[in-house]
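Student: So that you have it, the file is my_file_6.txt, and it contains compact mmCIF, C-alpha atoms:
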# COMPACT_ATOMS: atom_id res chain seq x y z
CA MET A 1 32.69 82.78 5.76
CA LYS A 2 32.68 83.13 1.97
CA GLN A 3 35.96 81.95 0.46
CA THR A 4 36.80 81.87 -3.27
CA ALA A 5 40.59 81.47 -3.24
CA GLY A 6 40.43 77.79 -4.25
CA HIS A 7 38.08 78.40 -7.16
CA ASP A 8 40.01 81.49 -8.25
CA ALA A 9 43.41 79.76 -8.28
CA LEU A 10 42.57 76.13 -9.02
CA GLY A 11 38.97 76.03 -10.20
CA GLU A 12 39.84 74.68 -13.64
CA PHE A 13 42.94 72.68 -12.73
CA ALA A 14 41.64 71.02 -9.53
CA PRO A 15 37.93 71.74 -9.11
CA GLU A 16 37.45 69.15 -6.35
CA PHE A 17 40.27 70.64 -4.26
CA ALA A 18 38.79 74.09 -4.84
CA HIS A 19 35.42 72.79 -3.63
CA LEU A 20 36.93 71.19 -0.51
CA ASN A 21 38.92 74.33 0.31
CA ASP A 22 36.23 76.94 -0.30
CA ASP A 23 32.97 75.15 0.39
CA ILE A 24 33.91 72.55 3.01
CA LEU A 25 36.85 73.97 4.99
CA PHE A 26 35.83 77.63 4.94
CA GLY A 27 32.15 77.13 4.18
CA GLU A 28 31.33 74.43 6.74
CA VAL A 29 34.17 73.75 9.19
CA TRP A 30 34.77 77.45 9.93
CA ASP A 31 31.02 77.99 10.13
CA ARG A 32 30.46 75.80 13.20
CA GLU A 33 30.61 78.72 15.64
CA SER A 34 28.31 76.98 18.11
CA LEU A 35 31.11 74.45 18.68
CA LEU A 36 34.21 76.63 18.30
CA SER A 37 34.25 80.41 18.00
CA LEU A 38 35.90 82.13 15.04
CA LYS A 39 38.42 83.66 17.44
CA LEU A 40 39.54 80.25 18.70
CA CYS A 41 39.56 78.87 15.14
CA SER A 42 41.93 81.69 14.17
CA ILE A 43 44.21 81.09 17.17
CA ALA A 44 44.36 77.35 16.41
CA THR A 45 45.04 77.94 12.71
CA VAL A 46 47.79 80.51 13.29
CA SER A 47 49.39 78.19 15.86
CA ALA A 48 49.30 75.23 13.47
CA LEU A 49 50.83 77.18 10.58
CA ILE A 50 53.66 78.57 12.70
CA GLY A 51 54.25 75.15 14.25
CA LYS A 52 54.77 73.73 10.74
CA GLY A 53 57.07 76.59 9.80
CA ILE A 54 54.62 78.03 7.25
CA THR A 55 55.24 81.77 7.17
CA ASP A 56 54.05 82.64 3.67
CA ASN A 57 50.98 84.57 2.51
CA SER A 58 48.67 81.96 4.01
CA LEU A 59 49.91 82.90 7.48
CA LYS A 60 49.49 86.59 6.72
CA TYR A 61 45.91 85.92 5.59
CA HIS A 62 45.14 84.05 8.81
CA LEU A 63 46.80 86.73 10.95
CA ALA A 64 44.50 89.29 9.33
CA THR A 65 41.55 86.96 9.85
CA ALA A 66 42.51 86.54 13.51
CA LYS A 67 42.51 90.31 13.92
CA LYS A 68 39.09 90.52 12.29
CA ASN A 69 37.84 87.74 14.58
CA GLY A 70 38.78 89.65 17.73
CA VAL A 71 42.37 88.64 18.52
CA SER A 72 43.89 91.85 19.88
CA LYS A 73 47.43 93.06 19.23
CA THR A 74 48.37 92.22 22.82
CA GLU A 75 46.86 88.74 22.57
CA MET A 76 48.65 88.06 19.27
CA ALA A 77 52.00 89.19 20.71
CA GLU A 78 51.51 86.89 23.71
CA LEU A 79 50.42 84.01 21.47
CA LEU A 80 53.52 84.31 19.27
CA THR A 81 55.78 84.64 22.33
CA HIS A 82 54.26 81.45 23.76
CA LEU A 83 54.59 79.63 20.42
CA ALA A 84 58.26 80.57 20.10
CA PHE A 85 59.16 78.05 22.82
CA TYR A 86 57.33 75.25 20.99
CA ALA A 87 57.51 76.14 17.29
CA GLY A 88 61.04 77.56 17.24
CA TRP A 89 62.57 81.02 17.53
CA PRO A 90 63.07 81.59 13.76
CA ASN A 91 59.41 80.70 13.08
CA ALA A 92 58.30 83.15 15.75
CA TRP A 93 60.51 85.93 14.33
CA ALA A 94 59.02 85.42 10.88
CA ALA A 95 55.51 85.44 12.29
CA PHE A 96 56.19 88.59 14.34
CA ASN A 97 57.33 90.47 11.22
CA MET A 98 54.06 89.59 9.50
CA ALA A 99 51.95 90.33 12.57
CA LYS A 100 53.50 93.79 12.91
CA GLU A 101 52.33 94.58 9.36
CA VAL A 102 48.84 93.23 9.96
CA TYR A 103 48.37 95.16 13.21
CA ALA A 104 50.14 98.35 12.05
CA ASP A 105 47.12 100.10 10.57
CA GLY A 106 46.02 101.56 13.89
CA ASP A 107 42.52 100.08 13.64
CA GLU A 108 42.22 99.56 17.37
CA ALA A 109 38.51 98.81 17.32
CA THR A 110 38.84 95.50 15.47
CA SER A 111 40.99 94.08 18.27
CA HIS A 112 38.14 94.40 20.77
CA GLY A 113 34.92 92.54 21.40
CA GLY A 114 36.44 89.71 23.39
CA PHE A 115 35.84 86.04 22.64
CA PHE A 116 32.93 86.76 20.26
CA GLY A 117 34.41 89.57 18.18
CA LEU A 118 33.50 93.21 17.66
CA GLY A 119 30.64 93.15 15.17
CA GLU A 120 29.38 96.21 13.31
CA PRO A 121 28.74 99.81 14.45
CA ASN A 122 25.49 99.86 16.41
CA ASP A 123 23.95 102.50 14.17
CA ALA A 124 20.32 101.45 14.66
CA TYR A 125 20.51 102.31 18.37
CA ALA A 126 23.09 105.09 18.20
CA LYS A 127 20.59 107.70 19.41
CA TYR A 128 20.29 105.82 22.71
CA PHE A 129 24.05 105.78 23.37
CA SER A 130 26.62 108.38 24.39
CA GLY A 131 29.68 107.41 22.36
CA GLN A 132 30.32 104.63 19.85
CA SER A 133 29.06 101.10 20.41
CA TYR A 134 29.19 97.94 18.30
CA LEU A 135 26.78 95.04 17.97
CA LYS A 136 27.32 91.42 16.97
CA VAL A 137 24.19 89.26 16.97
CA LEU A 138 25.27 85.70 17.84
CA THR A 139 22.00 83.84 17.32
CA LYS A 140 19.97 83.12 14.20
CA PRO A 141 16.74 85.03 13.42
CA ASP A 142 14.52 82.05 14.22
CA ASP A 143 16.21 81.15 17.53
CA PRO A 144 13.90 81.41 20.57
CA LEU A 145 16.35 83.67 22.44
CA THR A 146 18.31 86.51 20.81
CA ILE A 147 21.82 86.89 22.21
CA SER A 148 24.08 89.75 21.15
CA ASN A 149 27.60 90.84 22.00
CA VAL A 150 27.58 94.57 22.70
CA THR A 151 30.90 96.44 22.75
CA PHE A 152 31.39 99.97 24.12
CA GLU A 153 34.33 102.22 23.32
CA PRO A 154 35.95 103.91 26.35
CA GLY A 155 33.47 106.35 27.85
CA CYS A 156 30.52 104.97 25.91
CA ARG A 157 27.30 104.11 27.76
CA ASN A 158 23.65 103.69 26.92
CA ASN A 159 20.81 105.89 28.20
CA TRP A 160 18.78 105.11 31.25
CA HIS A 161 16.16 102.58 30.20
CA VAL A 162 13.56 100.11 31.51
CA HIS A 163 12.60 96.65 30.30
CA HIS A 164 8.83 96.33 30.74
CA ALA A 165 6.76 93.13 30.89
CA LYS A 166 3.35 92.12 32.13
CA SER A 167 5.01 88.99 33.49
CA GLY A 168 8.53 87.57 33.20
CA GLY A 169 10.85 89.74 31.16
CA GLY A 170 13.98 91.59 32.17
CA GLN A 171 17.51 91.25 30.85
CA VAL A 172 20.74 89.37 31.61
CA LEU A 173 24.24 90.71 30.93
CA ILE A 174 27.30 88.43 30.86
CA CYS A 175 30.53 90.42 30.84
CA VAL A 176 33.16 89.03 28.46
CA ASP A 177 35.89 91.66 27.91
CA GLY A 178 37.26 94.88 29.40
CA GLU A 179 35.75 96.83 32.29
CA GLY A 180 32.43 98.62 32.59
CA TRP A 181 29.67 99.94 34.81
CA TYR A 182 26.11 98.89 35.62
CA GLN A 183 23.83 101.12 37.68
CA GLU A 184 20.23 100.97 38.84
CA ALA A 185 18.39 104.18 39.69
CA GLY A 186 18.94 105.14 43.32
CA LYS A 187 21.80 102.67 43.83
CA PRO A 188 25.62 102.93 43.55
CA ALA A 189 27.18 101.90 40.24
CA GLN A 190 28.57 98.37 40.06
CA SER A 191 32.02 97.79 38.53
CA LEU A 192 31.97 95.01 35.92
CA HIS A 193 34.72 92.63 34.81
CA PRO A 194 34.84 89.54 32.56
CA GLY A 195 32.84 86.73 34.11
CA ASP A 196 30.44 89.00 36.00
CA ILE A 197 26.73 88.35 35.45
CA VAL A 198 24.04 90.99 35.93
CA GLU A 199 20.38 90.00 36.20
CA ILE A 200 18.07 92.94 35.58
CA PRO A 201 14.42 92.47 36.61
CA ALA A 202 11.63 93.93 34.52
CA GLY A 203 10.60 97.44 35.58
CA VAL A 204 14.03 98.48 36.91
CA LYS A 205 15.50 101.73 35.57
CA HIS A 206 19.20 101.25 34.76
CA TRP A 207 22.11 101.87 32.39
CA HIS A 208 25.38 100.12 31.51
CA GLY A 209 28.53 100.92 29.56
CA ALA A 210 32.32 101.16 29.52
CA LYS A 211 34.62 102.85 31.98
CA LYS A 212 36.35 106.08 30.89
CA ASP A 213 39.61 104.44 29.84
CA GLN A 214 38.46 100.89 29.05
CA TRP A 215 36.75 99.09 26.20
CA PHE A 216 33.94 96.89 27.46
CA SER A 217 31.92 94.01 25.99
CA HIS A 218 29.00 92.04 27.37
CA LEU A 219 26.53 89.52 26.07
CA ALA A 220 22.95 90.73 26.38
CA PHE A 221 19.73 88.79 26.12
CA GLU A 222 16.14 89.50 27.02
CA ILE A 223 14.29 87.16 29.37
CA PRO A 224 11.11 85.89 27.68
CA GLY A 225 7.88 87.31 29.07
CA VAL A 226 4.41 88.58 28.27
CA ASP A 227 4.02 91.95 26.52
CA THR A 228 7.73 92.79 26.74
CA SER A 229 9.03 96.17 25.59
CA ASN A 230 11.97 98.46 26.13
CA GLU A 231 11.57 102.12 27.13
CA TRP A 232 14.56 104.40 26.44
CA LEU A 233 14.86 107.38 28.79
CA GLU A 234 17.26 110.28 29.40
CA LEU A 235 20.98 110.04 28.77
CA VAL A 236 23.51 109.49 31.54
CA THR A 237 25.00 112.97 31.91
CA ASP A 238 28.73 113.63 31.87
CA LYS A 239 28.41 114.86 35.46
CA GLU A 240 26.82 111.58 36.61
CA TYR A 241 29.31 109.50 34.65
CA ASN A 242 32.47 111.41 35.62
CA GLN A 243 31.67 111.01 39.32
CA LEU A 244 32.18 107.23 39.06
Please express the file's structure as structure tokens.

Tutor:
Amino acid sequence: MKQTAGHDALGEFAPEFAHLNDDILFGEVWDRESLLSLKLCSIATVSALIGKGITDNSLKYHLATAKKNGVSKTEMAELLTHLAFYAGWPNAWAAFNMAKEVYADGDEATSHGGFFGLGEPNDAYAKYFSGQSYLKVLTKPDDPLTISNVTFEPGCRNNWHVHHAKSGGGQVLICVDGEGWYQEAGKPAQSLHPGDIVEIPAGVKHWHGAKKDQWFSHLAFEIPGVDTSNEWLELVTDKEYNQL
């Protein structure tokens, strides 16, 4: 997270404070996603500010950050309702007024993605999807295993495809938010919910995606193997999908 507020406001007057605020707090503490996700960092920060009765622009900034980090409108409303009993009714009212502004722009997509957040439009693979999907890569480029959070808008699904490998290979899906479908060729579709895990062997033709009226997110990672590749096939037709 790149933050410049400290340097912009206090860079000349208090350069060390600006450094601690921008480079340490936002540059290092908020960057330890392997220990605490950005979504949980946002929930903790919003809770702490409201608990201290701080309902100024700093709270509004962190409410907007929480939205960006995957805290949905429903989750924020429940969080503030819960906090009201501990932080005080007036503090909750003030926070609700700010939260209504932050979540009033109708940008529904940013409130999805579950624990790991929505990510960016999955443009590179759009031709293999029916509908809009989003991708957030969670690992670093040099990590031995690439793990991504894939989010599907309602009705979105990927094409039939096969993960090939001479040995090993395959894919694992860990469902984290919403409801979706997974189907192997020749078998009934499997309904997916948060916490479900799907292990897909190499060589199995399959597809996965959201239900008609539900957003859906899952983690996806490829099992290491020899000569691995992915073969994209035909789309899942509306007729096939609407029968589910």

Student: For a quick check of understanding, using only C-alpha atoms, which of A:Ile147, A:Ala189, A:Cys156, A:Leu118 has the smallest distance to A:Ile174?

Tutor: A:Ile147

Student: From the list A:Ala84, A:Val71, A:Leu10, A:Val137, which residue is nearest A:Leu40 when using all atoms listed in the file?

Tutor: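 Of the candidates, the smallest distance to A:Leu40 is held by A:Val71.
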
Student: Please write as a ChimeraX atom specification the list of polymer residues whose atoms come within 6 Å of (19.2, 92.7, 28.1), counting all atoms listed in the file and keeping to the coordinates of the file.

Tutor: /A:171-172,220-222

Student: Would you work out the distance separating atom CA of A:Gly53 from atom CA of A:Leu83, expressed in Å to one decimal?

Tutor: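 Those two atoms sit 11.3 Å apart.
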
Student: Please measure the separation of atom CA of A:Gly180 and atom CA of A:Thr74, giving the value in Å to one decimal.

Tutor: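 One can read the atom CA of A:Gly180 to atom CA of A:Thr74 distance as 19.8 Å.
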
Student: At most 8 Å from (20.3, 104.4, 26.0), file frame, all atoms listed in the file: which residues, as a list in words?

Tutor: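 Protein and nucleic acid residues near the point are Tyr125, Lys127, Tyr128, Phe129, Ser130, Arg157, Asn158, Asn159, Trp160, His161, Trp207, Trp232, Leu233, Glu234 and Leu235 of chain A.
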
Student: Between atom CA of A:Gly6 and atom CA of A:Phe115, measure the distance and give it in Å to one decimal.

Tutor: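 We find that atom CA of A:Gly6 and atom CA of A:Phe115 lie 28.5 Å from each other.
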
Student: Using all atoms listed in the file, pick whichever of A:Asp213, A:Glu120, A:Asp177, A:Asp143 has the shortest atom-to-atom distance to A:Gly155.

Tutor: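 Counting all atoms listed in the file, the residue closest to A:Gly155 is A:Asp213.
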
Student: Excluding A:His206 and its own-chain neighbours fewer than 5 positions away, which residues fall within 8 Å of it when counting all atoms listed in the file? Please give them as JSON, numbers by chain.

Tutor: {"A": [160, 161, 162, 182, 183, 184, 185]}

Student: Identify, on the basis of only C-alpha atoms, every residue whose closest approach to stretch 89-103 of chain A does not exceed 10 Å; exclude the query and any residue fewer than 6 positions from it along the same chain; express the result as a PDB file with C-alpha atoms, in the coordinates of the input.

Tutor:
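Okay, around_13.pdb is ready:
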ATOM      1  CA  VAL A  46      47.790  80.510  13.290  1.00  0.00           C
ATOM      2  CA  LEU A  49      50.830  77.180  10.580  1.00  0.00           C
ATOM      3  CA  ILE A  50      53.660  78.570  12.700  1.00  0.00           C
ATOM      4  CA  GLY A  51      54.250  75.150  14.250  1.00  0.00           C
ATOM      5  CA  LYS A  52      54.770  73.730  10.740  1.00  0.00           C
ATOM      6  CA  GLY A  53      57.070  76.590   9.800  1.00  0.00           C
ATOM      7  CA  ILE A  54      54.620  78.030   7.250  1.00  0.00           C
ATOM      8  CA  THR A  55      55.240  81.770   7.170  1.00  0.00           C
ATOM      9  CA  ASP A  56      54.050  82.640   3.670  1.00  0.00           C
ATOM     10  CA  ASN A  57      50.980  84.570   2.510  1.00  0.00           C
ATOM     11  CA  LEU A  59      49.910  82.900   7.480  1.00  0.00           C
ATOM     12  CA  LYS A  60      49.490  86.590   6.720  1.00  0.00           C
ATOM     13  CA  TYR A  61      45.910  85.920   5.590  1.00  0.00           C
ATOM     14  CA  HIS A  62      45.140  84.050   8.810  1.00  0.00           C
ATOM     15  CA  LEU A  63      46.800  86.730  10.950  1.00  0.00           C
ATOM     16  CA  ALA A  64      44.500  89.290   9.330  1.00  0.00           C
ATOM     17  CA  THR A  65      41.550  86.960   9.850  1.00  0.00           C
ATOM     18  CA  ALA A  66      42.510  86.540  13.510  1.00  0.00           C
ATOM     19  CA  LYS A  67      42.510  90.310  13.920  1.00  0.00           C
ATOM     20  CA  SER A  72      43.890  91.850  19.880  1.00  0.00           C
ATOM     21  CA  LYS A  73      47.430  93.060  19.230  1.00  0.00           C
ATOM     22  CA  MET A  76      48.650  88.060  19.270  1.00  0.00           C
ATOM     23  CA  ALA A  77      52.000  89.190  20.710  1.00  0.00           C
ATOM     24  CA  LEU A  79      50.420  84.010  21.470  1.00  0.00           C
ATOM     25  CA  LEU A  80      53.520  84.310  19.270  1.00  0.00           C
ATOM     26  CA  THR A  81      55.780  84.640  22.330  1.00  0.00           C
ATOM     27  CA  HIS A  82      54.260  81.450  23.760  1.00  0.00           C
ATOM     28  CA  LEU A  83      54.590  79.630  20.420  1.00  0.00           C
ATOM     29  CA  THR A 110      38.840  95.500  15.470  1.00  0.00           C
ATOM     30  CA  SER A 111      40.990  94.080  18.270  1.00  0.00           C
TER      31      SER A 111
END

Student: Hey, which of A:Pro188, A:Gly131, A:Gly119, A:Pro194 ends up closest to A:Asp238? Count all atoms listed in the file.

Tutor: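 Once distances to A:Asp238 are computed over all atoms listed in the file, the minimum belongs to A:Gly131.
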
Student: Write out as an MDAnalysis selection string which residues come within 8 Å of stretch 163-170 of chain A when counting all atoms listed in the file, dropping same-chain ones fewer than 6 positions away.

Tutor: chainID A and resid 199:205 222:231

Student: Measuring atom to atom with all atoms listed in the file, identify which of A:Thr237, A:Ser58, A:Thr151, A:Ser34 is nearest to A:Thr139.

Tutor: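 Between A:Thr237, A:Ser58, A:Thr151, A:Ser34, the residue approaching A:Thr139 most closely is A:Ser34.
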
Student: With distances taken over only C-alpha atoms, which of A:Tyr86, A:Trp215, A:Trp181, A:Phe116 is nearest to A:Ser37?

Tutor: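 Residue with the minimum atom-to-atom distance to A:Ser37: A:Phe116.
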
Student: Would you list the contacts of A:Leu25 as an mmCIF file with C-alpha atoms, in the frame of the given file, taking every protein, DNA or RNA residue within 12 Å and counting only C-alpha atoms, but skipping same-chain residues closer than 5 positions in sequence?

Tutor:
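As a result, around_1.cif now contains:
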data_model
loop_
_atom_site.group_PDB
_atom_site.id
_atom_site.type_symbol
_atom_site.label_atom_id
_atom_site.label_comp_id
_atom_site.auth_asym_id
_atom_site.auth_seq_id
_atom_site.Cartn_x
_atom_site.Cartn_y
_atom_site.Cartn_z
ATOM 1 C CA MET A 1 32.690 82.780 5.760
ATOM 2 C CA LYS A 2 32.680 83.130 1.970
ATOM 3 C CA GLN A 3 35.960 81.950 0.460
ATOM 4 C CA THR A 4 36.800 81.870 -3.270
ATOM 5 C CA ALA A 5 40.590 81.470 -3.240
ATOM 6 C CA GLY A 6 40.430 77.790 -4.250
ATOM 7 C CA PHE A 17 40.270 70.640 -4.260
ATOM 8 C CA ALA A 18 38.790 74.090 -4.840
ATOM 9 C CA HIS A 19 35.420 72.790 -3.630
ATOM 10 C CA LEU A 20 36.930 71.190 -0.510
ATOM 11 C CA TRP A 30 34.770 77.450 9.930
ATOM 12 C CA ASP A 31 31.020 77.990 10.130
ATOM 13 C CA ARG A 32 30.460 75.800 13.200
ATOM 14 C CA CYS A 41 39.560 78.870 15.140
ATOM 15 C CA THR A 45 45.040 77.940 12.710
#

Student: Return the padded bounding box of stretch 232-243 of chain A as lines of an AutoDock Vina configuration file: axis-aligned, built from all atoms listed in the file, 5 Å added on each side, with centre and edge lengths in Å to one decimal.

Tutor:
center_x = 23.5
center_y = 109.6
center_z = 32.9
size_x = 27.9
size_y = 20.5
size_z = 22.9

Student: Provide stretch 204-218 of chain A rebuilt to N, CA, C and O atoms, formatted as a JSON list (two decimals), keeping the file's coordinate frame.

Tutor:
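Final file, rebuild.json:
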[["chain", "number", "residue", "atom", "x", "y", "z"],
["A", 204, "VAL", "N", 12.94, 97.80, 36.20],
["A", 204, "VAL", "CA", 14.03, 98.48, 36.91],
["A", 204, "VAL", "C", 14.74, 99.45, 35.96],
["A", 204, "VAL", "O", 15.23, 99.05, 34.90],
["A", 205, "LYS", "N", 14.80, 100.71, 36.35],
["A", 205, "LYS", "CA", 15.50, 101.73, 35.57],
["A", 205, "LYS", "C", 17.00, 101.57, 35.77],
["A", 205, "LYS", "O", 17.49, 101.50, 36.91],
["A", 206, "HIS", "N", 17.77, 101.54, 34.66],
["A", 206, "HIS", "CA", 19.20, 101.25, 34.76],
["A", 206, "HIS", "C", 19.93, 101.74, 33.51],
["A", 206, "HIS", "O", 19.31, 102.13, 32.52],
["A", 207, "TRP", "N", 21.27, 101.65, 33.57],
["A", 207, "TRP", "CA", 22.11, 101.87, 32.39],
["A", 207, "TRP", "C", 23.36, 101.02, 32.55],
["A", 207, "TRP", "O", 23.70, 100.57, 33.64],
["A", 208, "HIS", "N", 24.10, 100.83, 31.45],
["A", 208, "HIS", "CA", 25.38, 100.12, 31.51],
["A", 208, "HIS", "C", 26.28, 100.60, 30.38],
["A", 208, "HIS", "O", 25.80, 101.12, 29.36],
["A", 209, "GLY", "N", 27.58, 100.45, 30.57],
["A", 209, "GLY", "CA", 28.53, 100.92, 29.56],
["A", 209, "GLY", "C", 29.96, 100.74, 30.02],
["A", 209, "GLY", "O", 30.23, 100.10, 31.04],
["A", 210, "ALA", "N", 30.88, 101.32, 29.26],
["A", 210, "ALA", "CA", 32.32, 101.16, 29.52],
["A", 210, "ALA", "C", 32.80, 102.17, 30.56],
["A", 210, "ALA", "O", 32.17, 103.21, 30.79],
["A", 211, "LYS", "N", 33.94, 101.87, 31.15],
["A", 211, "LYS", "CA", 34.62, 102.85, 31.98],
["A", 211, "LYS", "C", 35.32, 103.88, 31.08],
["A", 211, "LYS", "O", 35.43, 103.68, 29.87],
["A", 212, "LYS", "N", 35.79, 104.97, 31.68],
["A", 212, "LYS", "CA", 36.35, 106.08, 30.89],
["A", 212, "LYS", "C", 37.52, 105.65, 30.02],
["A", 212, "LYS", "O", 37.67, 106.12, 28.88],
["A", 213, "ASP", "N", 38.38, 104.79, 30.54],
["A", 213, "ASP", "CA", 39.61, 104.44, 29.84],
["A", 213, "ASP", "C", 39.67, 102.97, 29.44],
["A", 213, "ASP", "O", 40.73, 102.42, 29.22],
["A", 214, "GLN", "N", 38.50, 102.31, 29.34],
["A", 214, "GLN", "CA", 38.46, 100.89, 29.05],
["A", 214, "GLN", "C", 37.41, 100.57, 27.98],
["A", 214, "GLN", "O", 36.31, 101.12, 28.00],
["A", 215, "TRP", "N", 37.77, 99.72, 27.04],
["A", 215, "TRP", "CA", 36.75, 99.09, 26.20],
["A", 215, "TRP", "C", 35.99, 98.10, 27.05],
["A", 215, "TRP", "O", 36.51, 97.58, 28.05],
["A", 216, "PHE", "N", 34.76, 97.80, 26.66],
["A", 216, "PHE", "CA", 33.94, 96.89, 27.46],
["A", 216, "PHE", "C", 32.97, 96.14, 26.55],
["A", 216, "PHE", "O", 32.36, 96.74, 25.66],
["A", 217, "SER", "N", 32.86, 94.83, 26.77],
["A", 217, "SER", "CA", 31.92, 94.01, 25.99],
["A", 217, "SER", "C", 31.12, 93.11, 26.93],
["A", 217, "SER", "O", 31.68, 92.55, 27.89],
["A", 218, "HIS", "N", 29.83, 92.99, 26.64],
["A", 218, "HIS", "CA", 29.00, 92.04, 27.37],
["A", 218, "HIS", "C", 28.01, 91.38, 26.41],
["A", 218, "HIS", "O", 27.60, 91.97, 25.41]]
